[in-house]
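Visitor: Dropping in work02.pdb, with PDB, C-alpha atoms.
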ATOM      1  CA  MET C  11      96.525 -29.109  53.599
ATOM      2  CA  PRO C  12      97.757 -29.502  50.016
ATOM      3  CA  THR C  13     100.822 -31.650  49.441
ATOM      4  CA  SER C  14     102.887 -28.829  47.948
ATOM      5  CA  VAL C  15     102.268 -26.628  50.997
ATOM      6  CA  ARG C  16     103.310 -29.487  53.264
ATOM      7  CA  TYR C  17     106.510 -29.979  51.236
ATOM      8  CA  SER C  18     107.136 -26.243  51.327
ATOM      9  CA  GLU C  19     106.984 -26.303  55.111
ATOM     10  CA  ARG C  20     109.348 -29.271  55.291
ATOM     11  CA  LEU C  21     111.823 -27.710  52.866
ATOM     12  CA  THR C  22     111.861 -24.494  54.864
ATOM     13  CA  TYR C  23     112.617 -26.360  58.069
ATOM     14  CA  ALA C  24     115.292 -28.384  56.232
ATOM     15  CA  ALA C  25     116.915 -25.149  55.030
ATOM     16  CA  MET C  26     116.905 -23.844  58.591
ATOM     17  CA  ALA C  27     118.584 -27.071  59.721
ATOM     18  CA  ILE C  28     121.212 -26.728  56.987
ATOM     19  CA  ILE C  29     122.040 -23.237  58.210
ATOM     20  CA  PHE C  30     122.434 -24.617  61.743
ATOM     21  CA  ILE C  31     124.642 -27.453  60.465
ATOM     22  CA  ASN C  32     126.724 -24.898  58.572
ATOM     23  CA  GLN C  33     127.345 -23.031  61.792
ATOM     24  CA  MET C  34     128.394 -26.221  63.555
ATOM     25  CA  VAL C  35     130.646 -27.420  60.724
ATOM     26  CA  ASN C  36     132.296 -24.015  60.455
ATOM     27  CA  TRP C  37     132.643 -23.644  64.196
ATOM     28  CA  ASP C  38     135.783 -21.497  63.961
ATOM     29  CA  ARG C  39     133.845 -18.655  62.343
ATOM     30  CA  THR C  40     130.813 -19.162  64.583
ATOM     31  CA  SER C  41     132.946 -19.163  67.721
ATOM     32  CA  ARG C  42     134.708 -15.987  66.573
ATOM     33  CA  HIS C  43     131.351 -14.195  66.288
ATOM     34  CA  LEU C  44     130.278 -15.695  69.598
ATOM     35  CA  ALA C  45     133.481 -14.518  71.298
ATOM     36  CA  ASP C  46     133.104 -10.971  69.921
ATOM     37  CA  SER C  47     129.696 -10.417  71.501
ATOM     38  CA  PRO C  48     128.173 -13.509  73.081
ATOM     39  CA  LEU C  49     124.871 -12.051  74.233
ATOM     40  CA  ALA C  50     124.129 -10.265  70.969
ATOM     41  CA  PHE C  51     125.076 -13.335  68.932
ATOM     42  CA  ILE C  52     122.868 -15.681  70.940
ATOM     43  CA  LEU C  53     119.925 -13.261  70.960
ATOM     44  CA  LEU C  54     120.263 -12.672  67.219
ATOM     45  CA  GLN C  55     120.324 -16.405  66.494
ATOM     46  CA  ILE C  56     117.258 -17.030  68.672
ATOM     47  CA  ALA C  57     115.395 -14.077  67.145
ATOM     48  CA  PHE C  58     116.230 -15.200  63.617
ATOM     49  CA  LEU C  59     114.997 -18.720  64.344
ATOM     50  CA  CYS C  60     111.791 -17.474  66.003
ATOM     51  CA  ILE C  61     111.029 -15.093  63.141
ATOM     52  CA  GLN C  62     111.472 -17.867  60.594
ATOM     53  CA  ILE C  63     109.246 -20.262  62.549
ATOM     54  CA  PHE C  64     106.632 -17.525  62.945
ATOM     55  CA  TRP C  65     106.780 -16.808  59.200
ATOM     56  CA  VAL C  66     106.281 -20.493  58.339
ATOM     57  CA  TRP C  67     103.305 -20.564  60.695
ATOM     58  CA  LEU C  68     101.924 -17.397  59.128
ATOM     59  CA  VAL C  69     102.156 -18.779  55.595
ATOM     60  CA  VAL C  70     101.409 -22.479  56.060
ATOM     61  CA  ARG C  71      99.106 -22.654  59.064
ATOM     62  CA  LYS C  72      97.465 -19.232  59.090
ATOM     63  CA  ARG C  73      97.222 -19.279  55.247
ATOM     64  CA  THR C  74      98.069 -15.585  54.866
ATOM     65  CA  ASN C  75      98.209 -14.687  51.191
ATOM     66  CA  TRP C  76     100.294 -11.499  51.500
ATOM     67  CA  ALA C  77     102.933 -13.431  53.467
ATOM     68  CA  ARG C  78     103.044 -16.013  50.684
ATOM     69  CA  TRP C  79     103.816 -13.277  48.143
ATOM     70  CA  MET C  80     106.378 -11.675  50.449
ATOM     71  CA  THR C  81     108.061 -15.064  50.830
ATOM     72  CA  LEU C  82     108.454 -15.396  47.076
ATOM     73  CA  ALA C  83     109.752 -11.850  46.694
ATOM     74  CA  ALA C  84     112.199 -12.268  49.569
ATOM     75  CA  GLN C  85     113.593 -15.512  48.199
ATOM     76  CA  PHE C  86     114.157 -14.105  44.719
ATOM     77  CA  GLY C  87     115.681 -11.018  46.331
ATOM     78  CA  MET C  88     118.052 -13.214  48.335
ATOM     79  CA  VAL C  89     119.066 -15.109  45.200
ATOM     80  CA  PHE C  90     119.892 -11.774  43.575
ATOM     81  CA  VAL C  91     121.869 -10.564  46.607
ATOM     82  CA  ILE C  92     123.779 -13.830  46.890
ATOM     83  CA  GLY C  93     124.526 -13.864  43.165
ATOM     84  CA  PHE C  94     125.672 -10.254  43.246
ATOM     85  CA  SER C  95     127.886 -10.803  46.271
ATOM     86  CA  LEU C  96     129.414 -13.986  44.812
ATOM     87  CA  GLY C  97     130.135 -12.086  41.604
ATOM     88  CA  PHE C  98     131.765  -9.335  43.628
ATOM     89  CA  ILE C  99     133.859 -11.873  45.529
ATOM     90  CA  ALA C 100     134.929 -13.512  42.262
ATOM     91  CA  PHE C 101     135.870 -10.100  40.868
ATOM     92  CA  LYS C 102     137.680  -9.068  44.036
ATOM     93  CA  GLY C 103     139.342 -12.453  44.476
ATOM     94  CA  ASN C 104     139.299 -12.470  48.272
ATOM     95  CA  PRO C 105     136.616 -14.830  49.594
ATOM     96  CA  GLU C 106     136.216 -14.991  53.354
ATOM     97  CA  GLY C 107     134.282 -18.237  53.442
ATOM     98  CA  THR C 108     135.216 -21.790  52.634
ATOM     99  CA  ALA C 109     134.000 -23.949  49.776
ATOM    100  CA  LEU C 110     131.915 -25.941  52.239
ATOM    101  CA  GLU C 111     130.153 -22.759  53.371
ATOM    102  CA  LEU C 112     129.370 -21.994  49.751
ATOM    103  CA  VAL C 113     127.861 -25.449  49.301
ATOM    104  CA  PHE C 114     125.706 -25.010  52.412
ATOM    105  CA  LEU C 115     124.638 -21.559  51.178
ATOM    106  CA  ILE C 116     123.650 -22.865  47.742
ATOM    107  CA  VAL C 117     121.740 -25.841  49.168
ATOM    108  CA  SER C 118     119.861 -23.824  51.786
ATOM    109  CA  THR C 119     119.016 -21.061  49.304
ATOM    110  CA  SER C 120     117.793 -23.656  46.810
ATOM    111  CA  PHE C 121     115.588 -25.217  49.488
ATOM    112  CA  TYR C 122     114.165 -21.828  50.465
ATOM    113  CA  LEU C 123     113.492 -20.900  46.827
ATOM    114  CA  LEU C 124     111.885 -24.241  46.008
ATOM    115  CA  ALA C 125     109.756 -23.980  49.146
ATOM    116  CA  ALA C 126     108.568 -20.514  48.091
ATOM    117  CA  CYS C 127     107.775 -21.717  44.569
ATOM    118  CA  LEU C 128     105.783 -24.672  45.932
ATOM    119  CA  LEU C 129     103.424 -22.172  47.552
ATOM    120  CA  PHE C 130     102.336 -21.116  44.057
ATOM    121  CA  THR C 131     101.513 -24.492  42.532
ATOM    122  CA  ARG C 132      98.058 -25.267  41.225
ATOM    123  CA  ASP C 133      96.953 -27.250  44.269
ATOM    124  CA  ALA C 134      98.394 -24.712  46.740
ATOM    125  CA  ALA C 135      96.688 -21.584  45.393
ATOM    126  CA  PRO C 136      93.173 -22.412  46.692
ATOM    127  CA  TRP C 137      94.657 -23.000  50.157
ATOM    128  CA  PHE C 138      95.311 -19.270  50.468
ATOM    129  CA  ILE C 139      91.885 -18.090  49.300
ATOM    130  CA  PRO C 140      89.675 -17.167  52.281
ATOM    131  CA  GLN C 141      86.865 -19.663  52.772
ATOM    132  CA  ARG C 142      83.377 -18.290  53.250
ATOM    133  CA  VAL C 143      81.308 -19.763  56.017
TER     134      VAL C 143
END
In C-alpha cells, how does this file's structure come out?
Guide:
Amino acid sequence: MPTSVRYSERLTYAAMAIIFINQMVNWDRTSRHLADSPLAFILLQIAFLCIQIFWVWLVVRKRTNWARWMTLAAQFGMVFVIGFSLGFIAFKGNPEGTALELVFLIVSTSFYLLAACLLFTRDAAPWFIPQRV
C-alpha cells in the first residue's frame, strides 16, 4: 500500500476521533440531543460511524476508484457547505456553537480534505488501477 494512501486512512480515522472528542467536550449539546430522542441519536451515531468505516475500507482496502472520486467531491462539497453556513452565521450574528466547536470543525474538516487529496498523489494513483492477472 502506498504511503499516501496509508496516511489518508490514518487522517480519516483521526478526523473521526476529533468528531467524537468534540461530542465529549461539548457534552451539554450532545446530552441535549441524546435526551430529545435517545434511541434515534444512538442509532444515528452508530450508523454514521459504520458508514465512515465502510467507506474507508471501500477506498483504501478494496481500492475502488469511483469511491475515491466521490470522497474528493464530498469533501470539497462539505468545505463549501461549511463555508457557506459560517458566512451565513457571521451575517446573521447568532451562532449556536462555541468557539471550541468551530476549532474542532475546522481541524476535522481539514483532516478529511487532506486525506481525500492524498488519495490523488502520484504514488497513490496506481493503487486504484485494476491489476491484471
Visitor: Please, what distance in Å, to one decimal, runs between CA of Gln33 in chain C and CA of Val113 in chain C?
Guide: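 Taking CA of Gln33 in chain C as the start and CA of Val113 in chain C as the end point, the length is 12.7 Å.
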Visitor: Would you list the contacts of range 68-84 of chain C as number ranges by chain, taking every protein, DNA or RNA residue within 7 Å and counting all atoms listed in the file, but skipping same-chain residues closer than 3 positions in sequence?
Guide: C: 15, 19, 64-65, 87-88, 126-127, 129, 137-138
Visitor: Determine the nearest neighbour of Leu112 in chain C from the options C:Thr40, C:Ile139, C:Ala134, C:Ile28, counting only C-alpha atoms.
Guide: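 Among the listed residues, C:Ile28 lies closest to Leu112 in chain C.
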Visitor: Where does the PyMOL selection byres ((chain C and resi 21-23) around 9) land in this file, that is, which residues does it pick, as a ChimeraX atom specification?
Guide: /C:16-20,24-28,62-63,66,118,121-126
Visitor: Between CA of Ser95 in chain C and CA of Leu53 in chain C, what is the spacing in Å?
Guide: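 Here the two named atoms are 26.1 Å from each other.
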Visitor: Report the distance between CA of Ile116 in chain C and CA of Trp67 in chain C in Å, rounded to one decimal place.
Guide: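 Between CA of Ile116 in chain C and CA of Trp67 in chain C the gap is 24.2 Å.
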Visitor: Pick out the closest residue to Met34 in chain C from this set: C:Ser14, C:Phe114, C:Ala109, C:Asp133. Count all atoms listed in the file.
Guide: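 Going through C:Ser14, C:Phe114, C:Ala109, C:Asp133 one by one, the smallest distance to Met34 in chain C is for C:Phe114.
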Visitor: May I have the protein, DNA and RNA residues with any atom at most 6 Å from the point (117.0, -18.3, 44.9), counting all atoms listed in the file, written as a PyMOL selection string?
Guide: chain C and resi 85-86+89+119-120+123
Visitor: For the PyMOL selection byres ((chain C and resi 55) around 12), applied here, can you spell out every residue it catches as a list in words?
Guide: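 That selection, the PyMOL selection byres ((chain C and resi 55) around 12), comes back as Met26, Ile29, Phe30, Gln33, Thr40, His43, Leu44, Pro48, Leu49, Ala50, Phe51, Ile52, Leu53, Leu54, Ile56, Ala57, Phe58, Leu59, Cys60, Ile61 and Gln62 of chain C.
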Visitor: Just C-alpha atoms for this one: save the residues we selected as a PDB file, keeping the file's coordinate frame.
Guide:
ATOM      1  CA  MET C  26     116.905 -23.844  58.591  1.00  0.00           C
ATOM      2  CA  ILE C  29     122.040 -23.237  58.210  1.00  0.00           C
ATOM      3  CA  PHE C  30     122.434 -24.617  61.743  1.00  0.00           C
ATOM      4  CA  GLN C  33     127.345 -23.031  61.792  1.00  0.00           C
ATOM      5  CA  THR C  40     130.813 -19.162  64.583  1.00  0.00           C
ATOM      6  CA  HIS C  43     131.351 -14.195  66.288  1.00  0.00           C
ATOM      7  CA  LEU C  44     130.278 -15.695  69.598  1.00  0.00           C
ATOM      8  CA  PRO C  48     128.173 -13.509  73.081  1.00  0.00           C
ATOM      9  CA  LEU C  49     124.871 -12.051  74.233  1.00  0.00           C
ATOM     10  CA  ALA C  50     124.129 -10.265  70.969  1.00  0.00           C
ATOM     11  CA  PHE C  51     125.076 -13.335  68.932  1.00  0.00           C
ATOM     12  CA  ILE C  52     122.868 -15.681  70.940  1.00  0.00           C
ATOM     13  CA  LEU C  53     119.925 -13.261  70.960  1.00  0.00           C
ATOM     14  CA  LEU C  54     120.263 -12.672  67.219  1.00  0.00           C
ATOM     15  CA  ILE C  56     117.258 -17.030  68.672  1.00  0.00           C
ATOM     16  CA  ALA C  57     115.395 -14.077  67.145  1.00  0.00           C
ATOM     17  CA  PHE C  58     116.230 -15.200  63.617  1.00  0.00           C
ATOM     18  CA  LEU C  59     114.997 -18.720  64.344  1.00  0.00           C
ATOM     19  CA  CYS C  60     111.791 -17.474  66.003  1.00  0.00           C
ATOM     20  CA  ILE C  61     111.029 -15.093  63.141  1.00  0.00           C
ATOM     21  CA  GLN C  62     111.472 -17.867  60.594  1.00  0.00           C
TER      22      GLN C  62
END
